[in-house]
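Q: The structure file model_32.cif (mmCIF, C-alpha atoms and all ligand atoms) is provided below.
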```cif
data_protein
loop_
_atom_site.label_atom_id
_atom_site.label_comp_id
_atom_site.auth_asym_id
_atom_site.auth_seq_id
_atom_site.Cartn_x
_atom_site.Cartn_y
_atom_site.Cartn_z
CA MET M 210 164.24 103.09 58.20
CA PRO M 211 162.70 105.03 55.27
CA THR M 212 158.91 105.16 55.06
CA VAL M 213 157.30 103.66 51.96
CA LYS M 214 153.79 104.38 50.69
CA LEU M 215 151.82 101.14 50.53
CA LEU M 216 148.48 100.37 48.93
CA PHE M 217 146.04 97.72 50.21
CA VAL M 218 143.37 96.26 47.91
CA ALA M 219 140.86 93.49 48.51
CA GLY M 220 139.55 91.41 45.63
CA SER M 221 136.05 91.42 47.10
CA THR M 222 133.55 94.21 47.68
CA ARG M 223 131.16 91.99 49.64
CA VAL M 224 129.74 93.42 52.84
CA GLY M 225 131.71 91.73 55.61
CA SER M 226 134.38 90.51 53.17
CA LEU M 227 137.08 88.48 54.91
CA ASN M 228 139.63 89.67 52.39
CA ALA M 229 138.70 93.30 53.00
CA ARG M 230 139.32 92.59 56.68
CA LEU M 231 142.70 91.12 55.82
CA ALA M 232 143.55 94.16 53.67
CA ARG M 233 142.58 96.51 56.51
CA ALA M 234 144.55 94.46 59.07
CA ALA M 235 147.57 94.60 56.77
CA ALA M 236 147.17 98.38 56.36
CA ALA M 237 146.96 98.86 60.13
CA THR M 238 150.10 96.77 60.44
CA ALA M 239 151.89 98.98 57.93
CA GLU M 240 150.84 102.13 59.80
CA ARG M 241 152.19 100.65 63.05
CA GLN M 242 155.46 100.02 61.24
CA GLY M 243 155.56 103.68 60.22
CA HIS M 244 154.50 103.35 56.58
CA PRO M 245 151.69 105.46 55.10
CA ALA M 246 148.93 103.06 54.08
CA THR M 247 146.06 103.60 51.66
CA VAL M 248 143.14 101.18 51.56
CA VAL M 249 141.23 100.98 48.29
CA ASP M 250 137.68 99.61 47.99
CA LEU M 251 137.13 98.34 44.45
CA ALA M 252 133.45 99.29 44.81
CA ASP M 253 134.67 102.85 44.27
CA TYR M 254 136.21 101.78 40.93
CA PRO M 255 133.35 100.12 39.01
CA MET M 256 134.32 98.71 35.62
CA PRO M 257 132.30 96.66 33.14
CA LEU M 258 133.43 93.14 32.40
CA TYR M 259 136.28 93.53 29.92
CA ASP M 260 135.01 93.56 26.37
CA GLY M 261 137.13 94.51 23.37
CA ASP M 262 134.15 96.21 21.76
CA ILE M 263 133.69 98.49 24.78
CA GLU M 264 137.38 99.28 24.59
CA SER M 265 137.21 100.02 20.87
CA LEU M 266 134.31 102.39 21.40
CA GLY M 267 135.62 104.43 24.31
CA GLY M 268 138.86 103.01 25.67
CA PRO M 269 139.29 101.81 29.26
CA PRO M 270 136.70 103.13 31.75
CA GLU M 271 137.60 106.19 33.79
CA ALA M 272 137.76 104.00 36.92
CA ALA M 273 140.67 102.10 35.36
CA HIS M 274 142.54 105.39 34.89
CA ARG M 275 141.74 106.49 38.47
CA LEU M 276 142.84 103.20 40.00
CA LEU M 277 146.02 103.23 37.95
CA ASP M 278 146.76 106.77 39.17
CA VAL M 279 146.45 105.53 42.76
CA MET M 280 148.70 102.56 41.97
CA ALA M 281 151.31 104.85 40.47
CA THR M 282 151.72 106.80 43.71
CA HIS M 283 152.37 103.68 45.82
CA ALA M 284 155.58 101.69 45.54
CA GLY M 285 154.18 98.54 47.10
CA VAL M 286 150.76 96.93 46.76
CA PHE M 287 149.22 94.30 49.04
CA LEU M 288 146.44 92.32 47.37
CA ALA M 289 144.06 90.27 49.50
CA SER M 290 142.22 87.98 47.11
CA PRO M 291 139.50 85.42 47.69
CA GLU M 292 139.68 81.99 46.10
CA TYR M 293 136.82 80.98 43.83
CA ASN M 294 136.84 77.37 42.61
CA ALA M 295 140.60 77.25 43.06
CA SER M 296 141.12 80.42 41.06
CA MET M 297 141.62 84.14 41.58
CA SER M 298 139.07 86.86 42.19
CA PRO M 299 137.36 87.78 38.90
CA LEU M 300 136.87 91.31 40.24
CA LEU M 301 140.58 91.73 40.71
CA LYS M 302 141.35 90.12 37.35
CA ASN M 303 138.92 92.42 35.57
CA SER M 304 140.40 95.51 37.24
CA ILE M 305 143.91 94.41 36.31
CA ASP M 306 142.88 93.61 32.74
CA TRP M 307 141.34 97.05 32.22
CA MET M 308 144.28 98.87 33.80
CA SER M 309 146.68 96.94 31.59
CA ARG M 310 144.86 98.41 28.56
CA VAL M 311 145.53 102.05 29.53
CA ARG M 312 147.93 103.47 26.97
CA THR M 313 147.64 107.20 27.44
CA PRO M 314 148.60 109.36 29.17
CA GLU M 315 152.06 107.92 29.82
CA PRO M 316 153.11 105.92 31.72
CA SER M 317 150.98 103.09 30.39
CA GLY M 318 149.08 100.66 32.57
CA LEU M 319 151.59 97.94 31.84
CA ALA M 320 154.47 100.23 32.81
CA VAL M 321 152.84 101.20 36.11
CA LEU M 322 151.69 97.73 37.09
CA GLY M 323 154.92 96.09 35.98
CA SER M 324 156.98 98.39 38.18
CA ARG M 325 154.99 97.88 41.40
CA VAL M 326 156.11 95.41 44.05
CA PHE M 327 153.27 93.14 45.16
CA ALA M 328 152.60 91.06 48.25
CA LEU M 329 149.71 88.60 48.27
CA GLY M 330 147.30 87.46 50.91
CA ALA M 331 144.08 85.49 51.04
CA ALA M 332 141.41 84.76 53.60
CA SER M 333 138.91 81.94 53.38
CA PRO M 334 136.39 80.27 55.65
CA GLY M 335 137.96 76.97 54.56
CA GLY M 336 141.05 75.20 55.75
CA THR M 337 143.51 76.10 52.99
CA GLY M 338 143.22 79.86 53.43
CA GLY M 339 142.62 80.60 49.77
CA MET M 340 146.08 79.46 48.78
CA ARG M 341 145.09 78.09 45.36
CA GLY M 342 143.59 81.39 44.29
CA LEU M 343 146.92 83.09 44.82
CA ILE M 344 148.64 80.78 42.33
CA GLY M 345 146.68 82.28 39.45
CA LEU M 346 147.03 85.81 40.79
CA ARG M 347 150.79 85.41 41.15
CA TYR M 348 151.03 84.00 37.63
CA CYS M 349 149.00 86.91 36.22
CA LEU M 350 151.17 89.53 37.93
CA GLU M 351 154.50 87.90 37.18
CA MET M 352 153.95 86.44 33.72
CA GLY M 353 151.32 88.85 32.43
CA LEU M 354 152.63 92.10 33.85
CA SER M 355 156.31 91.33 34.60
CA ALA M 356 155.77 92.58 38.14
CA LEU M 357 157.83 91.61 41.15
CA VAL M 358 155.78 89.51 43.60
CA LEU M 359 157.21 88.60 46.99
CA PRO M 360 157.55 84.85 47.54
CA GLU M 361 156.19 85.26 51.09
CA GLN M 362 152.38 85.41 51.31
CA VAL M 363 149.72 85.50 54.01
CA LEU M 364 147.03 82.84 54.24
CA VAL M 365 144.21 83.11 56.74
CA ALA M 366 142.31 79.82 57.03
CA ARG M 367 139.00 79.56 58.94
CA ALA M 368 138.92 83.31 58.57
CA THR M 369 135.36 83.79 59.80
CA ALA M 370 136.70 83.54 63.36
CA ALA M 371 140.21 84.85 62.68
CA PHE M 372 139.74 88.58 63.33
CA ASP M 373 138.98 90.24 66.66
CA ASP M 374 136.59 93.15 67.20
CA ASP M 375 139.37 95.62 66.35
CA GLY M 376 140.02 93.88 63.03
CA ALA M 377 143.35 92.38 64.10
CA LEU M 378 144.28 88.74 63.59
CA ARG M 379 143.63 86.82 66.82
CA ASP M 380 146.38 84.25 66.34
CA PRO M 381 149.72 85.81 67.38
CA GLU M 382 151.61 83.65 64.89
CA ALA M 383 149.37 84.78 62.03
CA ALA M 384 149.70 88.42 63.10
CA ASP M 385 153.46 87.99 63.26
CA ARG M 386 153.48 86.49 59.76
CA LEU M 387 151.43 89.40 58.44
CA GLY M 388 153.85 91.83 60.08
CA ARG M 389 156.83 90.16 58.46
CA VAL M 390 155.24 90.16 54.99
CA VAL M 391 154.24 93.84 55.25
CA ALA M 392 157.74 94.76 56.47
CA ARG M 393 159.31 92.90 53.58
CA LEU M 394 156.95 94.58 51.11
CA ALA M 395 158.01 97.99 52.43
CA ASP M 396 161.67 97.01 52.37
CA VAL M 397 161.71 95.66 48.81
CA ALA M 398 159.37 98.31 47.38
CA GLY M 399 161.44 101.02 49.04
CA ARG M 400 164.63 99.70 47.50
CA VAL M 401 163.11 99.20 44.02
CA HIS M 402 161.71 102.74 44.05
CA ALA M 403 164.60 104.44 45.91
C1 LIG C 1 131.70 80.55 43.51
C2 LIG C 1 132.50 80.36 44.76
C3 LIG C 1 133.56 79.51 44.76
C4 LIG C 1 134.33 79.35 45.90
N1 LIG C 1 135.43 78.54 45.86
C5 LIG C 1 136.26 78.48 46.94
C6 LIG C 1 137.47 77.74 46.87
O1 LIG C 1 137.82 77.15 45.87
N2 LIG C 1 138.27 77.74 47.95
C7 LIG C 1 137.94 78.41 49.11
O2 LIG C 1 138.70 78.38 50.08
N3 LIG C 1 136.78 79.13 49.20
C8 LIG C 1 135.94 79.16 48.15
N4 LIG C 1 134.79 79.89 48.21
C9 LIG C 1 134.43 80.53 49.48
C10 LIG C 1 135.05 81.92 49.59
O3 LIG C 1 136.37 81.76 50.05
C11 LIG C 1 134.23 82.74 50.58
O4 LIG C 1 132.95 83.01 50.01
C12 LIG C 1 134.93 84.02 50.96
O5 LIG C 1 134.30 84.55 52.10
C13 LIG C 1 134.96 85.03 49.82
O6 LIG C 1 135.80 86.10 50.14
P1 LIG C 1 135.27 87.44 50.84
O7 LIG C 1 134.85 87.05 52.25
O8 LIG C 1 136.47 88.33 50.86
O9 LIG C 1 134.14 88.00 50.06
C14 LIG C 1 134.00 80.05 47.08
C15 LIG C 1 132.89 80.91 47.08
C16 LIG C 1 132.16 81.07 45.94
C17 LIG C 1 130.98 82.01 45.95
#
```
Starting from the coordinates I provided, produce the structure as C-alpha cells.
A:
Amino acid sequence: MPTVKLLFVAGSTRVGSLNARLARAAAATAERQGHPATVVDLADYPMPLYDGDIESLGGPPEAAHRLLDVMATHAGVFLASPEYNASMSPLLKNSIDWMSRVRTPEPSGLAVLGSRVFALGAASPGGTGGMRGLIGLRYCLEMGLSALVLPEQVLVARATAAFDDDGALRDPEAADRLGRVVARLADVAGRVHA
C-alpha cells in the first residue's frame, strides 16, 4: 500500500481542546497505518478576522500563505471541528476564508484547497458529537471550494471522557471507526494525487 502524506488540523486552539485531541488521535492512527502525519496547531497561524479592507491594504496575512503551503504538500486533510450553536468553528472558517483569497504565487488558494481530499471529525462534550457543525463545514468545503469531502466522518460524543491518558479513543468501536475513516482518507487522497 502506498504511503500518503496526511495533515491533521483542529478548529480549536483552546488549552485541552477535545478537537485537538481528536486530531492528534487521528494523526497517531495514520502513523500506525504507515502514513506520514503532520499535526497543525492554528495558534501558529494567527490571522485577523477577515476584512476586505485589510485585504485591500496588504493582501492575505503571511499566516494564510504559510498554512496554504503546508496544505499544498499534503494530499489529504483531516479537520476536527467543534460545533458552536449548531455551526462550524469560526476559527477554521476564518482560516479557510483567508487562504481562499491567496492569488499569488500560483497555485492559488482556491486551486490548492479545491484539490485536497478532506475527512471530517468532531468532538463535543454533548451527546450529538458535534455533528451539526460538520454540516456547515462540509457545505463550505464542497460548495465553496469544490473540494472532495469523504462521506464518512467521525463523531465523538461525551468527549470529555472519551480519550485515555495516551490520547487514544477508549471505545474500541470509536477507535475502529476513526481507523476506517483515516484509511479511506489515505486511500482516496492517494488515488486523487497519484
Ligand atoms: C458559544 C458556544 C456554543 C456551543 N454550541 C455547541 C453546540 O451547538 N453543540 C455542541 O455539541 N457543543 C456546543 N458547544 C460546546 C463545545 O462543543 C465545547 O465547548 C467544546 O469543548 C469545544 O471544542 P474544543 O474542546 O475543541 O475547544 C458550544 C460552546 C460554545 C462556547
Q: Go through the chains and note each residue within 7 Å of ligand LIG 1 (chain C), using all atoms listed in the file, then give the set as a list in words.
A: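 Those within range of ligand LIG 1 (chain C) are Gly220, Ser221, Thr222, Arg223, Gly225, Ser226, Leu227, Asn228, Ala229, Ser290, Pro291, Glu292, Tyr293, Asn294, Ala295, Ser296, Ala332, Ser333, Pro334, Gly335, Gly336, Thr337, Gly338 and Gly339 of chain M.
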Q: Tell me, in Å to one decimal, how far CA of Val286 in chain M is from CA of Gln242 in chain M.
A: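 Between these atoms lies a distance of 15.5 Å.
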Q: Out of M:Gly376, M:Thr282, M:Met340, M:Asp262, which residue has the shortest atom-to-atom distance to His402 in chain M when counting all atoms listed in the file?
A: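 Closest to His402 in chain M, using all atoms listed in the file: M:Thr282.
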Q: Compile a residue-level contact table for range 223-243 of chain M against range 377-387 of chain M at a cut-off of 12 Å, reporting for every qualifying residue the shortest atom pair and its distance in Å to one decimal, with all atoms listed in the file counted, rows ordered by chain and ascending number, as CSV.
A:
```
residue,atom,partner,partner_atom,distance
M:Leu227,CA,M:Leu378,CA,11.3
M:Arg230,CA,M:Ala377,CA,8.4
M:Leu231,CA,M:Leu378,CA,8.3
M:Ala232,CA,M:Leu387,CA,10.4
M:Arg233,CA,M:Ala377,CA,8.7
M:Ala234,CA,M:Ala377,CA,5.6
M:Ala235,CA,M:Leu387,CA,6.7
M:Ala236,CA,M:Leu387,CA,10.2
M:Ala237,CA,M:Ala377,CA,8.4
M:Thr238,CA,M:Leu387,CA,7.8
M:Ala239,CA,M:Leu387,CA,9.6
M:Gln242,CA,M:Leu387,CA,11.7
```
Q: Ranking M:Ala273, M:Leu215, M:Leu357, M:Leu322 by minimum distance to Pro245 in chain M and counting all atoms listed in the file, which one comes first?
A: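 Of M:Ala273, M:Leu215, M:Leu357, M:Leu322, the one nearest Pro245 in chain M, counting all atoms listed in the file, is M:Leu215.
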Q: Determine the nearest neighbour of Glu315 in chain M from the options M:Phe372, M:Asp278, M:Pro299, M:Leu343, counting only C-alpha atoms.
A: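 Smallest separation from Glu315 in chain M among the options: M:Asp278.
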Q: Which value, in Å to one decimal, gives the distance between CA of Gln362 in chain M and CA of Ser309 in chain M?
A: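 Computing it gives 23.5 Å between the two atoms.
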Q: Box for range 233-247 of chain M - axis-aligned, 4 Å on each of the six sides, all listed atoms - centre and size in Å to one decimal, as JSON.
A:
```
{"center_x": 149.1, "center_y": 100.0, "center_z": 57.4, "size_x": 21.0, "size_y": 19.0, "size_z": 19.4}
```
Q: Could you tell me how far CA of Ile344 in chain M sits from CA of Leu276 in chain M, in Å to one decimal place?
A: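 For CA of Leu276 in chain M relative to CA of Ile344 in chain M, the distance reads 23.3 Å.
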Q: For Tyr259 in chain M, find every residue with an atom within 9 Å (counting all atoms listed in the file), except residues of its own chain fewer than 3 positions away, and show them as a list in words.
A: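 Neighbouring residues, sequence-local ones excluded: Met256, Asp262, Ile263, Glu264, Pro269, Asn303, Ser304, Asp306 and Trp307 of chain M.
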